[in-house]
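Enquirer: Input: one structure, supplied below.
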Amino acid sequence: MKKLNALLLPLVFSSLLVAAPATPPAPEWKVPLAVKTLDNGLTVVVSRDDSAPTFGLCIAYGIGFRLEPKGRTGFAHLFEHMMFEGTPEARKGIFDRVVEGGGGFTNGDTRFDFTEYIESAPVSALNPALWLEADRLKGLDFSVANLNNQRNVVEEEVRDNVLNQPYGSFYWLDLPQKAFNRYPNAHNFYGDFKDLDAANIGDVRKFFETYHAPNNAVLAVVGDVTPEEVFQKAQQYFDSIPRRAVPAKPDVEEAPQKAERCSVEEDKLARVPALAVGYRMPPRTSPDAIVGAVVGEMLQNGQASLLYQALVKRKKVALEVDGGVNWPLGTPFEYGGPTLMTSFIVYPPKVSERDVLTAYDGVIQNLAAHGASQAELQRIRAKMRSDWYAELEIPVERASVISHFTLLDGDPGRVNKIPDEIAQVTSDQIMTFCRKYLVDTNRTIISRVPETLMGKTVNDAKGGRP
Amino acid sequence: MKLIRATVFVLAGLMILPAAWTQEKTQPLPKNLPAYGPLVPFRGPQVVQKRLANGLTLWMVSRAGFPKVSFAVAVRGGMASDPKDRPGLSKLLMDTIDQGTQSKNARQIAEAFQADGGDLTGDAHADFTESMISVLASWASSTLETLSDVLENATFPNSEVALAKRNEADSLRASEAEPSFLANRALAREMFDNHPYSVTSLTQASLAATTPDQLRRAYAMRFRPDRTILVAVGDFDPGPMANAVQKALGGWTTPAGSPAASVPQPVQNNPHGVFLVPRKGSVQTAFRLGAFGPLESSADFEAAEVADAIYGGMFGSRLVNDIREDKGYTYSPGADIQERSEAGVLETRASVRNAVTGASLNEILYQMNRMATTSPTPEELTRAKRYLTGIRAIEYQLQEAVAERLASLWVVGLPPQELGEESSKIQTVTFAEVDQAGRKYFPASRQTIVAVGEQSVIQQQLKPFGLPVHPVE
């Protein structure tokens, strides 16, 4: 099918040029950006958007799962919860009461390389929200009672998302642990309960003091605000917070993978089997990274994607296919250390895992051998441009992406470059990429088998893996 | 890993006191905290309304700047209109509606949408089916052409229906492993009994029995312009957009036959008791509590929404403060009012570790009775009203949210202006109205309680409540 497309395409296009009205070009959309760094090292980025009288705010800190201490798995996330548990000035409950009472909401996210805190509300609540963010960067309440409370809450979160769910998030929790060797990249990011139980208030204090410095943070504000007013308020509220020495980023790189890694997990809750495949990706700063992003989306973005069409439709060996680079914890452009392109596939109990993998490998091999047709490239460029704009559509999400890019690259302007970078990716680059990265020796496979099917499906597994 | 942060009731003849009930602690605000600025009122978008000669309703919201367009199509007749012996047929209909037309196969349709920057999603609700897509604005008219083909000319090819049936059978098995799926299904069954709203999913028997012809007939009966709304939101001029819609969908004709039957009002006599869905290996009990609430068109809808926000709808609500921030029983508890055309349901959700199953239900019921018997504080009322208004201003910056909301207003027979007016209605809600909504909708004795988890855990820990416990599927 793909080859046929490639042959037909020049004809289609030339006829369009002659007969049909010209196809309008893709829209170009760029957001304004103003940047200021305070004396204490806090970077403030403002993007004005007066289409509604609201703001979105994100403050991202350069600390994530990777840097949590040994013996304290899950601590970065537990700490994120503690950031909502009050300060000497604003006791527990005040933060949410003030932001919700201002018509907005708050939230937090912990990721591999950063932790972000967000608020969005009508602009009338901007000053108190900024004040509260500055306040919790000055110091926390460090209350043992609140730590015990949030330890319970986090353990419920783990039960809710992992222990009481079919598949238990294995495609993002277990896969990196199998795919990588070093602790920063290969531990339980949600936390082993014994480690969560062992966490004490001294750990909270130390983590706060080590990483939560203005010079390790980016504040982004988007909405019906001017850069001048935000810079002035940031100066007013944050300026007194001293710069602190933050440990240099440790080396978290992995030695190259030499062989395919396969494992089987028994699932006590699932009734239908699944598998996850993870290929190690190039660093974000490599020229190959943008090609990886495009390949990841060609393979698994939506109903038109190559894996959906092959596995679900043509070969009928899968129920669902999802995935991508840095999936599902972020976009393919927001990672700062060893990262995977993940495919998560749920397949019918009557289909063997071998048949799923054979079909999967066929898609990868075809892409490596033939690349993408001009039509395919145009479609994926349109889809990724559209998706990228959607990523930036509302102020709070735009602030989030801006803060990540500033933290990772020192370049908030990259938010305006992504669609053009995608448009530069060629079929040759895609083939080269597939041959270099999407190879068996660079991947890890976890087969997740319902307890009731154990033994049946496993025996089918490719190469009789353990 | 989104962080979604964050009970003395009297039963007949039995009193259970929560372990450590504390009045919401109203800590003083920090003395240097800057005050809120003047509140900018939220204005709903201008909606241009048209009706095509064939009866199709078109609502348009034109917003320059962000270069995308979102389309939402709602067609009257959903799961509640499915034949009694084909529960969930609408779901299969929406799985297969874009799997072939007279001129395009499934892959061509998916690729045509992808070329515009979109991916069509479909869903079957109780009262309507919905198709949504967001694309780059430059190519919105091309999207309309493909969309109209799907709405008018779907063929439900036998091979695609066979594949969808097989995959849905396995997907249903997969879903039955999820506590939330089991809880939602059980709650609807127990609350609505024989009423069509009791159906929330397919069944294996229904899947096995459904033929491509049955799907084609349901499609022919339901998909007709006089029962359809198209909402367009985004970067376009209304004039050219209306012309493009006329060109794409103006030729769609209404068939002679009668449309899907309307849905009767359910009798509101939901049972007060515990419905236990056994799930082996559970490390949590998943609770769903449901009681009949107001219809969206009811005069007290906004008051009930404010009451719900105070009870469990906000992060700073009583329920979240109690069972999460005070007791640490759960991660993501909450409550909202789920609207169908003929019924509103006040629904409470919480997943709690096995050991605190009874203690959690105790707190939940206590917080409900508190809503039913006491007034909120002035701070709670103001915060809830500002929260519900502000959250709308934020949410409606998303094109898709506006499109979807407008489509759902049309389904329940409300005008598009409602989207802006609901915020001003919320602002005028009084203490007395919240008290009244609390008394009317929140008493614990009105609740149908579903608990999904380890049977012995639930049975033991819920025994002191003195409620009938019925094991169900």
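Here's how to read the names in the structure tokens: chain A, B, ... by the order shown, residue numbers from 1 in each chain, ligand numbers from 1 in the order shown.
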Name all residues at most 10 Å from A:Pro24 (count only C-alpha atoms; drop same-chain ones fewer than 6 positions away) and give them as an MDAnalysis selection string.
Expert: chainID B and resid 137:139
Enquirer: I need the strand (DSSP E) residues of stretch 50-121 of chain B per DSSP on the backbone, written as JSON, numbers by chain.
Expert: {"B": [50, 51, 57, 58, 59, 60, 61, 62, 68, 69, 70, 71, 72, 73, 74, 75, 76, 121]}
Enquirer: Identify all chain B residues at most 6 Å from chain A by counting only C-alpha atoms; ligands do not count. Present them as a PyMOL selection string.
Expert: chain B and resi 2-3+30+34+36-39+110-111+114-115+117+136+167+174+177+282-283+328+330-331+383+386-387+390-391
Enquirer: Report as a ChimeraX atom specification all protein, DNA and RNA residues lying within 9 Å of B:Pro41, evaluated on only C-alpha atoms, omitting residues in the same chain fewer than 5 positions from it.
Expert: /A:53 /B:389,423-424
Enquirer: When you look at B:Val263 with a cut-off of 9 Å (counting only C-alpha atoms), what residues show up, excluding the ones that are within fewer than 3 positions of it in the same chain? I need them as a PyMOL selection string.
Expert: chain B and resi 77+80-81+127+195-197+266+341-342
Enquirer: Go ahead and save the picked residues with N, CA and C atoms, as a CSV table (one decimal), in the first residue's frame.
Expert:
chain,number,residue,atom,x,y,z
B,77,GLY,N,-30.4,10.5,20.0
B,77,GLY,CA,-30.6,9.1,20.0
B,77,GLY,C,-29.3,8.4,20.3
B,80,ALA,N,-29.7,5.1,25.2
B,80,ALA,CA,-31.1,4.9,25.7
B,80,ALA,C,-32.1,4.6,24.7
B,81,SER,N,-31.7,4.8,23.4
B,81,SER,CA,-32.6,4.5,22.3
B,81,SER,C,-32.3,3.2,21.6
B,127,ASP,N,-28.2,9.9,25.6
B,127,ASP,CA,-29.2,10.5,24.7
B,127,ASP,C,-28.7,10.9,23.3
B,195,HIS,N,-35.2,1.2,33.3
B,195,HIS,CA,-35.2,2.3,32.4
B,195,HIS,C,-34.0,2.2,31.5
B,196,PRO,N,-34.1,2.7,30.3
B,196,PRO,CA,-32.9,2.6,29.4
B,196,PRO,C,-31.7,3.3,29.8
B,197,TYR,N,-31.7,4.2,30.8
B,197,TYR,CA,-30.5,4.8,31.3
B,197,TYR,C,-29.7,3.8,32.1
B,266,PRO,N,-37.3,8.7,34.0
B,266,PRO,CA,-37.2,7.6,34.9
B,266,PRO,C,-37.9,7.9,36.2
B,341,SER,N,-30.5,13.8,29.6
B,341,SER,CA,-31.7,14.7,29.2
B,341,SER,C,-32.8,14.6,30.2
B,342,GLU,N,-33.0,13.4,30.7
B,342,GLU,CA,-34.2,13.2,31.6
B,342,GLU,C,-33.9,12.9,33.0
